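Dumped upload-v9.cif below, it's mmCIF, C-alpha atoms and all ligand atoms:
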```cif
data_upload
#
loop_
_atom_site.label_atom_id
_atom_site.label_comp_id
_atom_site.auth_asym_id
_atom_site.auth_seq_id
_atom_site.Cartn_x
_atom_site.Cartn_y
_atom_site.Cartn_z
CA MET A 90 8.48 30.89 22.99
CA ASN A 91 7.66 27.25 22.29
CA LYS A 92 7.80 25.48 25.70
CA THR A 93 8.83 22.15 24.15
CA LEU A 94 12.03 23.81 22.91
CA GLU A 95 13.15 24.14 26.50
CA ILE A 96 13.63 20.39 26.55
CA LEU A 97 17.11 20.41 25.07
CA ASP A 98 18.96 17.36 23.87
CA HIS A 99 21.75 17.35 26.45
CA SER A 100 24.14 15.40 24.23
CA GLN A 101 24.11 18.51 21.94
CA PRO A 102 25.30 16.63 18.81
CA LEU A 103 25.05 19.78 16.66
CA LYS A 104 26.95 22.09 19.03
CA ASP A 105 29.24 24.45 17.05
CA LYS A 106 27.21 23.93 13.85
CA LYS A 107 25.55 26.88 12.14
CA ILE A 108 22.44 25.77 10.26
CA VAL A 109 20.21 27.88 8.03
CA ILE A 110 16.73 26.51 7.30
CA THR A 111 14.00 27.95 5.07
CA ALA A 112 10.29 27.34 5.59
CA GLY A 113 6.88 28.24 4.16
CA GLY A 114 5.56 29.10 0.74
CA THR A 115 6.90 32.28 -0.84
CA ILE A 116 4.44 35.08 -1.52
CA GLU A 117 4.65 36.70 -4.94
CA LYS A 118 2.66 39.92 -4.96
CA LEU A 119 0.56 40.92 -7.96
CA ASP A 120 -0.66 44.24 -6.52
CA PRO A 121 -1.08 45.71 -2.99
CA VAL A 122 -3.90 43.25 -2.15
CA ARG A 123 -3.26 40.08 -4.18
CA TYR A 124 -0.54 37.48 -4.44
CA ILE A 125 0.39 34.03 -5.78
CA SER A 126 1.48 31.44 -3.24
CA ASN A 127 1.02 27.74 -2.36
CA PHE A 128 -0.30 25.50 0.41
CA SER A 129 2.97 25.00 2.30
CA SER A 130 2.32 25.16 6.06
CA GLY A 131 5.98 25.69 6.98
CA LYS A 132 5.64 22.87 9.54
CA MET A 133 8.47 20.68 8.22
CA GLY A 134 10.96 23.57 8.00
CA THR A 135 10.02 24.80 11.45
CA ALA A 136 10.33 21.25 12.87
CA LEU A 137 13.81 21.03 11.32
CA ALA A 138 14.79 24.37 12.88
CA ASP A 139 13.35 23.45 16.31
CA ASN A 140 15.16 20.12 16.31
CA ALA A 141 18.46 21.60 15.13
CA TYR A 142 18.19 24.11 18.01
CA MET A 143 17.39 21.38 20.54
CA MET A 144 20.41 19.43 19.26
CA GLY A 145 22.63 22.42 20.06
CA ALA A 146 23.01 24.16 16.68
CA ASP A 147 23.20 27.91 16.07
CA VAL A 148 20.01 28.15 13.99
CA GLU A 149 18.54 30.72 11.64
CA LEU A 150 15.06 30.05 10.29
CA ILE A 151 14.22 32.06 7.17
CA SER A 152 10.45 31.83 7.03
CA THR A 153 7.45 33.32 5.25
CA PHE A 154 5.53 32.97 8.56
CA ASP A 155 5.79 35.17 11.64
CA ILE A 156 6.81 32.96 14.52
CA GLU A 157 8.53 33.52 17.82
CA ARG A 158 11.39 31.22 18.68
CA PRO A 159 14.41 31.29 21.01
CA TYR A 160 16.66 31.27 17.91
CA LYS A 161 16.98 33.77 15.04
CA VAL A 162 13.96 33.98 12.73
CA THR A 163 14.17 36.10 9.56
CA LYS A 164 10.82 36.87 7.96
CA VAL A 165 10.72 37.06 4.16
CA LEU A 166 7.93 37.14 1.60
CA SER A 167 9.07 36.52 -1.95
CA ALA A 168 11.54 34.16 -3.57
CA LEU A 169 13.81 37.14 -4.32
CA ASP A 170 13.78 38.17 -0.62
CA MET A 171 14.49 34.57 0.37
CA LEU A 172 17.41 34.35 -2.07
CA ASP A 173 18.96 37.52 -0.54
CA ALA A 174 18.51 36.25 3.01
CA VAL A 175 19.91 32.79 2.19
CA LEU A 176 22.95 34.19 0.37
CA LYS A 177 23.72 36.50 3.32
CA SER A 178 23.40 33.74 5.89
CA LYS A 179 25.03 30.94 3.93
CA GLU A 180 28.47 32.47 4.56
CA ASN A 181 30.11 30.64 7.48
CA SER A 182 27.22 28.19 7.80
CA ASP A 183 27.77 24.44 7.98
CA CYS A 184 24.48 23.56 6.36
CA VAL A 185 21.56 25.12 4.47
CA ILE A 186 18.27 23.22 4.34
CA MET A 187 15.85 24.52 1.70
CA SER A 188 12.54 23.31 3.08
CA ALA A 189 10.58 26.29 1.73
CA ALA A 190 8.14 25.89 -1.14
CA VAL A 191 9.63 28.55 -3.39
CA ALA A 192 7.30 29.80 -6.13
CA ASP A 193 8.83 29.00 -9.50
CA TYR A 194 7.33 32.17 -11.06
CA ARG A 195 6.43 35.73 -10.03
CA ALA A 196 4.45 38.48 -11.73
CA GLU A 197 6.50 40.13 -14.43
CA ASN A 198 5.15 43.54 -13.41
CA TYR A 199 3.99 44.37 -9.90
CA ALA A 200 1.04 46.80 -10.07
CA GLU A 201 1.54 49.67 -7.61
CA GLN A 202 -2.23 50.23 -7.46
CA LYS A 203 -4.99 47.64 -7.06
CA ILE A 204 -5.69 46.00 -10.43
CA LYS A 205 -9.18 47.02 -11.53
CA LYS A 206 -11.74 44.61 -12.97
CA THR A 207 -12.50 45.29 -16.66
CA SER A 208 -15.47 44.38 -18.83
CA ASP A 209 -13.47 41.42 -20.31
CA ASP A 210 -14.33 37.93 -19.06
CA LYS A 211 -10.66 36.93 -19.17
CA MET A 212 -7.50 38.43 -17.83
CA THR A 213 -3.87 37.47 -18.31
CA VAL A 214 -1.01 37.84 -15.85
CA ASN A 215 2.48 37.47 -17.26
CA LEU A 216 4.78 35.48 -15.02
CA ILE A 217 8.56 35.28 -15.12
CA LYS A 218 10.81 32.65 -13.61
CA ASN A 219 12.18 33.10 -10.10
CA PRO A 220 15.80 32.18 -9.39
CA ASP A 221 16.34 28.61 -8.21
CA ILE A 222 17.80 29.24 -4.75
CA LEU A 223 18.80 25.62 -4.11
CA LYS A 224 20.59 25.33 -7.45
CA THR A 225 22.30 28.71 -6.99
CA ILE A 226 23.73 27.85 -3.56
CA SER A 227 24.68 24.32 -4.67
CA GLU A 228 26.88 25.79 -7.42
CA ASN A 229 29.11 27.43 -4.81
CA LYS A 230 28.70 25.23 -1.80
CA GLY A 231 32.30 24.98 -0.59
CA ASP A 232 32.23 23.10 2.74
CA THR A 233 28.56 23.87 3.38
CA LYS A 234 26.22 20.86 3.23
CA ILE A 235 23.23 21.70 1.05
CA VAL A 236 19.94 19.91 1.59
CA GLY A 237 16.85 20.27 -0.62
CA VAL A 238 13.34 19.19 0.27
CA CYS A 239 11.24 18.34 -2.76
CA ALA A 240 7.52 17.82 -3.26
CA GLU A 241 6.34 15.34 -5.87
CA SER A 242 2.77 14.39 -6.75
CA GLU A 243 3.79 11.37 -8.91
CA ASN A 244 6.80 9.12 -9.57
CA LEU A 245 8.38 10.18 -6.26
CA LEU A 246 11.76 8.46 -6.42
CA LYS A 247 12.20 8.73 -10.18
CA ASN A 248 11.58 12.51 -10.12
CA ALA A 249 13.64 13.00 -6.95
CA LYS A 250 16.64 11.22 -8.53
CA ILE A 251 16.47 13.54 -11.54
CA LYS A 252 16.02 16.57 -9.25
CA ILE A 253 19.07 15.90 -7.03
CA LYS A 254 21.25 15.74 -10.17
CA ASN A 255 19.75 18.91 -11.65
CA LYS A 256 20.03 20.90 -8.43
CA GLY A 257 23.49 19.63 -7.43
CA CYS A 258 22.67 19.50 -3.70
CA ASP A 259 24.22 16.96 -1.31
CA TYR A 260 20.93 15.55 -0.01
CA LEU A 261 17.36 15.72 -1.22
CA VAL A 262 14.46 14.87 1.09
CA ALA A 263 11.60 13.56 -1.08
CA ASN A 264 7.97 14.10 -0.03
CA ASP A 265 4.97 12.46 -1.67
CA ILE A 266 2.33 15.21 -1.74
CA SER A 267 -0.30 12.99 -3.39
CA ARG A 268 -0.94 11.30 -0.03
CA LYS A 269 -3.62 12.93 2.11
CA ASP A 270 -2.23 11.48 5.38
CA ILE A 271 1.18 13.15 5.15
CA GLY A 272 2.85 16.31 3.87
CA PHE A 273 1.55 19.88 3.49
CA SER A 274 -0.67 20.80 6.45
CA SER A 275 -0.42 17.37 8.13
CA ASP A 276 1.57 16.90 11.34
CA GLU A 277 3.02 13.67 9.99
CA ASN A 278 5.34 12.82 7.17
CA GLU A 279 7.10 9.89 5.48
CA VAL A 280 10.13 10.67 3.33
CA TYR A 281 13.11 9.33 1.43
CA ILE A 282 16.51 11.00 1.82
CA LEU A 283 18.55 10.79 -1.37
CA SER A 284 22.27 11.41 -1.60
CA GLU A 285 24.70 10.69 -4.43
CA ASN A 286 24.72 6.90 -4.06
CA LYS A 287 22.22 6.09 -1.32
CA THR A 288 18.51 6.35 -0.55
CA LYS A 289 17.24 6.12 3.01
CA HIS A 290 13.55 5.61 3.82
CA LEU A 291 12.12 7.25 6.96
CA LYS A 292 8.83 5.61 7.79
CA LYS A 293 5.69 7.56 8.69
CA ALA A 294 6.10 9.54 11.92
CA SER A 295 5.46 13.03 13.32
CA LYS A 296 7.19 15.85 11.43
CA ASN A 297 9.13 16.47 14.61
CA LYS A 298 10.53 12.94 14.65
CA ILE A 299 11.21 12.98 10.90
CA ALA A 300 13.06 16.30 11.32
CA LYS A 301 15.32 14.84 14.02
CA GLN A 302 16.03 11.76 11.88
CA ILE A 303 16.92 13.94 8.87
CA LEU A 304 19.39 15.98 10.96
CA GLU A 305 20.93 12.82 12.47
CA TYR A 306 21.31 11.33 9.00
CA VAL A 307 22.91 14.45 7.50
CA PHE A 308 25.27 15.17 10.42
CA CYS A 309 25.80 11.98 12.34
CA GLU A 310 25.89 9.10 9.79
N1 LIG K 1 13.64 25.54 -4.83
C1 LIG K 1 14.39 26.70 -4.82
N2 LIG K 1 14.10 27.72 -5.68
C2 LIG K 1 13.08 27.59 -6.56
C3 LIG K 1 12.30 26.39 -6.59
C4 LIG K 1 12.60 25.40 -5.71
O1 LIG K 1 15.32 26.81 -4.01
N3 LIG K 1 12.81 28.60 -7.40
C5 LIG K 1 14.04 24.44 -3.92
C6 LIG K 1 13.00 24.11 -2.85
O2 LIG K 1 13.18 24.89 -1.69
C7 LIG K 1 13.30 22.63 -2.61
C8 LIG K 1 13.78 22.13 -3.95
O3 LIG K 1 14.17 23.28 -4.69
O4 LIG K 1 14.37 22.47 -1.69
C9 LIG K 1 12.76 21.33 -4.71
O5 LIG K 1 11.59 22.10 -4.85
P1 LIG K 1 10.36 21.55 -5.68
O6 LIG K 1 9.24 22.52 -5.55
O7 LIG K 1 10.13 20.13 -5.36
O8 LIG K 1 10.95 21.55 -7.16
P2 LIG K 1 11.07 22.62 -8.28
O9 LIG K 1 12.52 22.94 -8.46
O10 LIG K 1 10.18 23.79 -8.02
O11 LIG K 1 10.61 21.81 -9.57
P3 LIG K 1 9.12 21.37 -10.02
O12 LIG K 1 8.17 22.46 -9.51
O13 LIG K 1 9.22 21.34 -11.50
O14 LIG K 1 8.87 20.03 -9.40
#
```
How does this structure look as structure tokens?
Amino acid sequence: MNKTLEILDHSQPLKDKKIVITAGGTIEKLDPVRYISNFSSGKMGTALADNAYMMGADVELISTFDIERPYKVTKVLSALDMLDAVLKSKENSDCVIMSAAVADYRAENYAEQKIKKTSDDKMTVNLIKNPDILKTISENKGDTKIVGVCAESENLLKNAKIKIKNKGCDYLVANDISRKDIGFSSDENEVYILSENKTKHLKKASKNKIAKQILEYVFCE
């Protein structure tokens, strides 16, 4: 158990809230020994889950990493597994935060046996599109607040504004992954939180602090 989580926020502003948070990059298997994934460290999603817990929420973290926490952690691998877990847990939840880096594509055919090298210098893997979990849950959100967390390597705000419309979520946290000092495996981040008519800038800080500010913005402003 993470010792820092024992330091609870005694004002418990998220008491009685059920929050589902996803973290990590999904793993799309090609065969029993190989997969396609991405560089997501899961740190931002885990910081969001830790902070929601410290603020009194009933938390479920759906993660591609194995971690031990004093709240519920559901381990998943692929985007399809994550979709199932999110759909199950979304019922009766007040908020879903999609912080995971979901692979947009998976192998069209999983090979049951290890794929053997051939004499050809090239090989082709056919990929098919994964479901868009954020878009799917935003279509039927009811009273559940839906938060996306996007990664952009250029035109951060322009792309994020298009993305929030396409996905239909209530909030979109925009990360600039072109900067070496923040994002991915870094312990720090600097983000914008977009909603229908507003954009809030959170200046560079630890992922822990950014996570708390995101939760305060979504629930307390
Ligand atoms: N997302 C999702 N399902 C997918 C792809 C993305 O739920 N198949 C969610 C992510 O968890 C994140 C948001 O959509 O909350 C934005 O993810 P991002 O990777 O920035 O965008 P994509 O939709 O993948 O678009 P692109 O790769 O073209 O930027």
* Distance filter 7 Å around ligand LIG 1 (chain K), atoms: all atoms listed in the file, out as a list in words -> Ala168, Met187, Ser188, Ala189, Ala190, Val191, Ala192, Asp193, Asn219, Pro220, Asp221, Ile222, Leu223, Lys224, Val236, Gly237, Val238, Cys239, Ala240 and Glu241 of chain A
Writing out the chosen residues with C-alpha atoms as a PDB file, in the coordinates of the input:
```pdb
ATOM      1  CA  ALA A 168      11.540  34.160  -3.570  1.00  0.00           C
ATOM      2  CA  MET A 187      15.850  24.520   1.700  1.00  0.00           C
ATOM      3  CA  SER A 188      12.540  23.310   3.080  1.00  0.00           C
ATOM      4  CA  ALA A 189      10.580  26.290   1.730  1.00  0.00           C
ATOM      5  CA  ALA A 190       8.140  25.890  -1.140  1.00  0.00           C
ATOM      6  CA  VAL A 191       9.630  28.550  -3.390  1.00  0.00           C
ATOM      7  CA  ALA A 192       7.300  29.800  -6.130  1.00  0.00           C
ATOM      8  CA  ASP A 193       8.830  29.000  -9.500  1.00  0.00           C
ATOM      9  CA  ASN A 219      12.180  33.100 -10.100  1.00  0.00           C
ATOM     10  CA  PRO A 220      15.800  32.180  -9.390  1.00  0.00           C
ATOM     11  CA  ASP A 221      16.340  28.610  -8.210  1.00  0.00           C
ATOM     12  CA  ILE A 222      17.800  29.240  -4.750  1.00  0.00           C
ATOM     13  CA  LEU A 223      18.800  25.620  -4.110  1.00  0.00           C
ATOM     14  CA  LYS A 224      20.590  25.330  -7.450  1.00  0.00           C
ATOM     15  CA  VAL A 236      19.940  19.910   1.590  1.00  0.00           C
ATOM     16  CA  GLY A 237      16.850  20.270  -0.620  1.00  0.00           C
ATOM     17  CA  VAL A 238      13.340  19.190   0.270  1.00  0.00           C
ATOM     18  CA  CYS A 239      11.240  18.340  -2.760  1.00  0.00           C
ATOM     19  CA  ALA A 240       7.520  17.820  -3.260  1.00  0.00           C
ATOM     20  CA  GLU A 241       6.340  15.340  -5.870  1.00  0.00           C
TER      21      GLU A 241
END
```
* Name all residues at most 9 Å from Pro121 of chain A (count all atoms listed in the file; drop same-chain ones fewer than 4 positions away) and give them as a list in words. => Tyr199, Ala200, Glu201, Gln202, Lys203 and Ile204 of chain A
* Which of these, A:Cys184, A:Ile251, A:Ala196, A:Leu119, has the shortest distance to Ile226 of chain A once you count all atoms listed in the file? ->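 Of A:Cys184, A:Ile251, A:Ala196, A:Leu119, the one nearest Ile226 of chain A is A:Cys184, counting all atoms listed in the file.
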* Spatial neighbours of Gln101 of chain A, 12 Å, only C-alpha atoms, chain gap at least 5 places, as a list in words -> Ile96, Lys106, Asn140, Ala141, Tyr142, Met143, Met144, Gly145, Ala146, Asp147, Glu305 and Cys309 of chain A
* Which distance in Å separates atom CA of Ile110 of chain A and atom CA of Phe128 of chain A, to one decimal? -> 18.4 Å
* To do: Considering only C-alpha atoms, state which residue in the set A:Val109, A:Lys206, A:Ser227, A:Lys289 is at the smallest distance from Ala174 of chain A.
  =>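 Closest to Ala174 of chain A of all the choices is A:Val109.
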* Structure fact -> Students should find that atom CA of Ile108 of chain A and atom CA of Lys296 of chain A are spaced 18.2 Å
* **Interatomic distance, atom CA of Gln302 of chain A to atom CA of Leu166 of chain A (Å, one decimal)** =>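 Computing the Euclidean distance for atom CA of Gln302 of chain A and atom CA of Leu166 of chain A yields 28.6 Å.
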* Of the candidates A:Asp210, A:Asp183, A:Glu243, A:Glu228, which one gets nearest to Cys258 of chain A if we count all atoms listed in the file? ->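 The answer is A:Glu228, which sits nearest to Cys258 of chain A.
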* What lies within 10 Å of segment 268-278 of chain A using all atoms listed in the file, ignoring chain neighbours under 5 positions off, as a PyMOL selection string? -> chain A and resi 113+127-133+136+240+242+291-300
* To do: Kindly indicate which residue among A:Thr153, A:Glu117, A:Tyr281, A:Lys301 lies nearest to Asp98 of chain A, using only C-alpha atoms for the distances.
  =>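 Selected residue with least distance to Asp98 of chain A: A:Lys301.
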* Within 7 Å of segment 215-217 of chain A using all atoms listed in the file, minus same-chain residues under 6 positions, as number ranges by chain -> A: 194-197
For the residues selected in the previous step, produce a file with C-alpha atoms as an mmCIF file, in the frame of the given file.
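Everything below was put into result22.cif:
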```cif
data_model
loop_
_atom_site.group_PDB
_atom_site.id
_atom_site.type_symbol
_atom_site.label_atom_id
_atom_site.label_comp_id
_atom_site.auth_asym_id
_atom_site.auth_seq_id
_atom_site.Cartn_x
_atom_site.Cartn_y
_atom_site.Cartn_z
ATOM 1 C CA TYR A 194 7.330 32.170 -11.060
ATOM 2 C CA ARG A 195 6.430 35.730 -10.030
ATOM 3 C CA ALA A 196 4.450 38.480 -11.730
ATOM 4 C CA GLU A 197 6.500 40.130 -14.430
#
```
* **Near-Asp170 of chain A list (10 Å; only C-alpha atoms; drop same-chain fewer than 3 positions) as a list in words** =>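 Near neighbours after the sequence-gap exclusion: Thr115, Ile116, Ile151, Thr153, Lys164, Val165, Leu166, Ser167, Asp173, Ala174 and Val175 of chain A.
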* To do: Point out the residue among A:Ile253, A:Leu169, A:Val122, A:Val280 with the least atom-to-atom distance to Ile266 of chain A, counting all atoms listed in the file.
  =>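 Going through A:Ile253, A:Leu169, A:Val122, A:Val280 one by one, the smallest distance to Ile266 of chain A is for A:Val280.
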* Using all atoms listed in the file: which of A:Leu176, A:Val148, A:Leu304, A:Ile125 has the shortest distance to Lys230 of chain A ->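 Smallest distance to Lys230 of chain A is found for A:Leu176.
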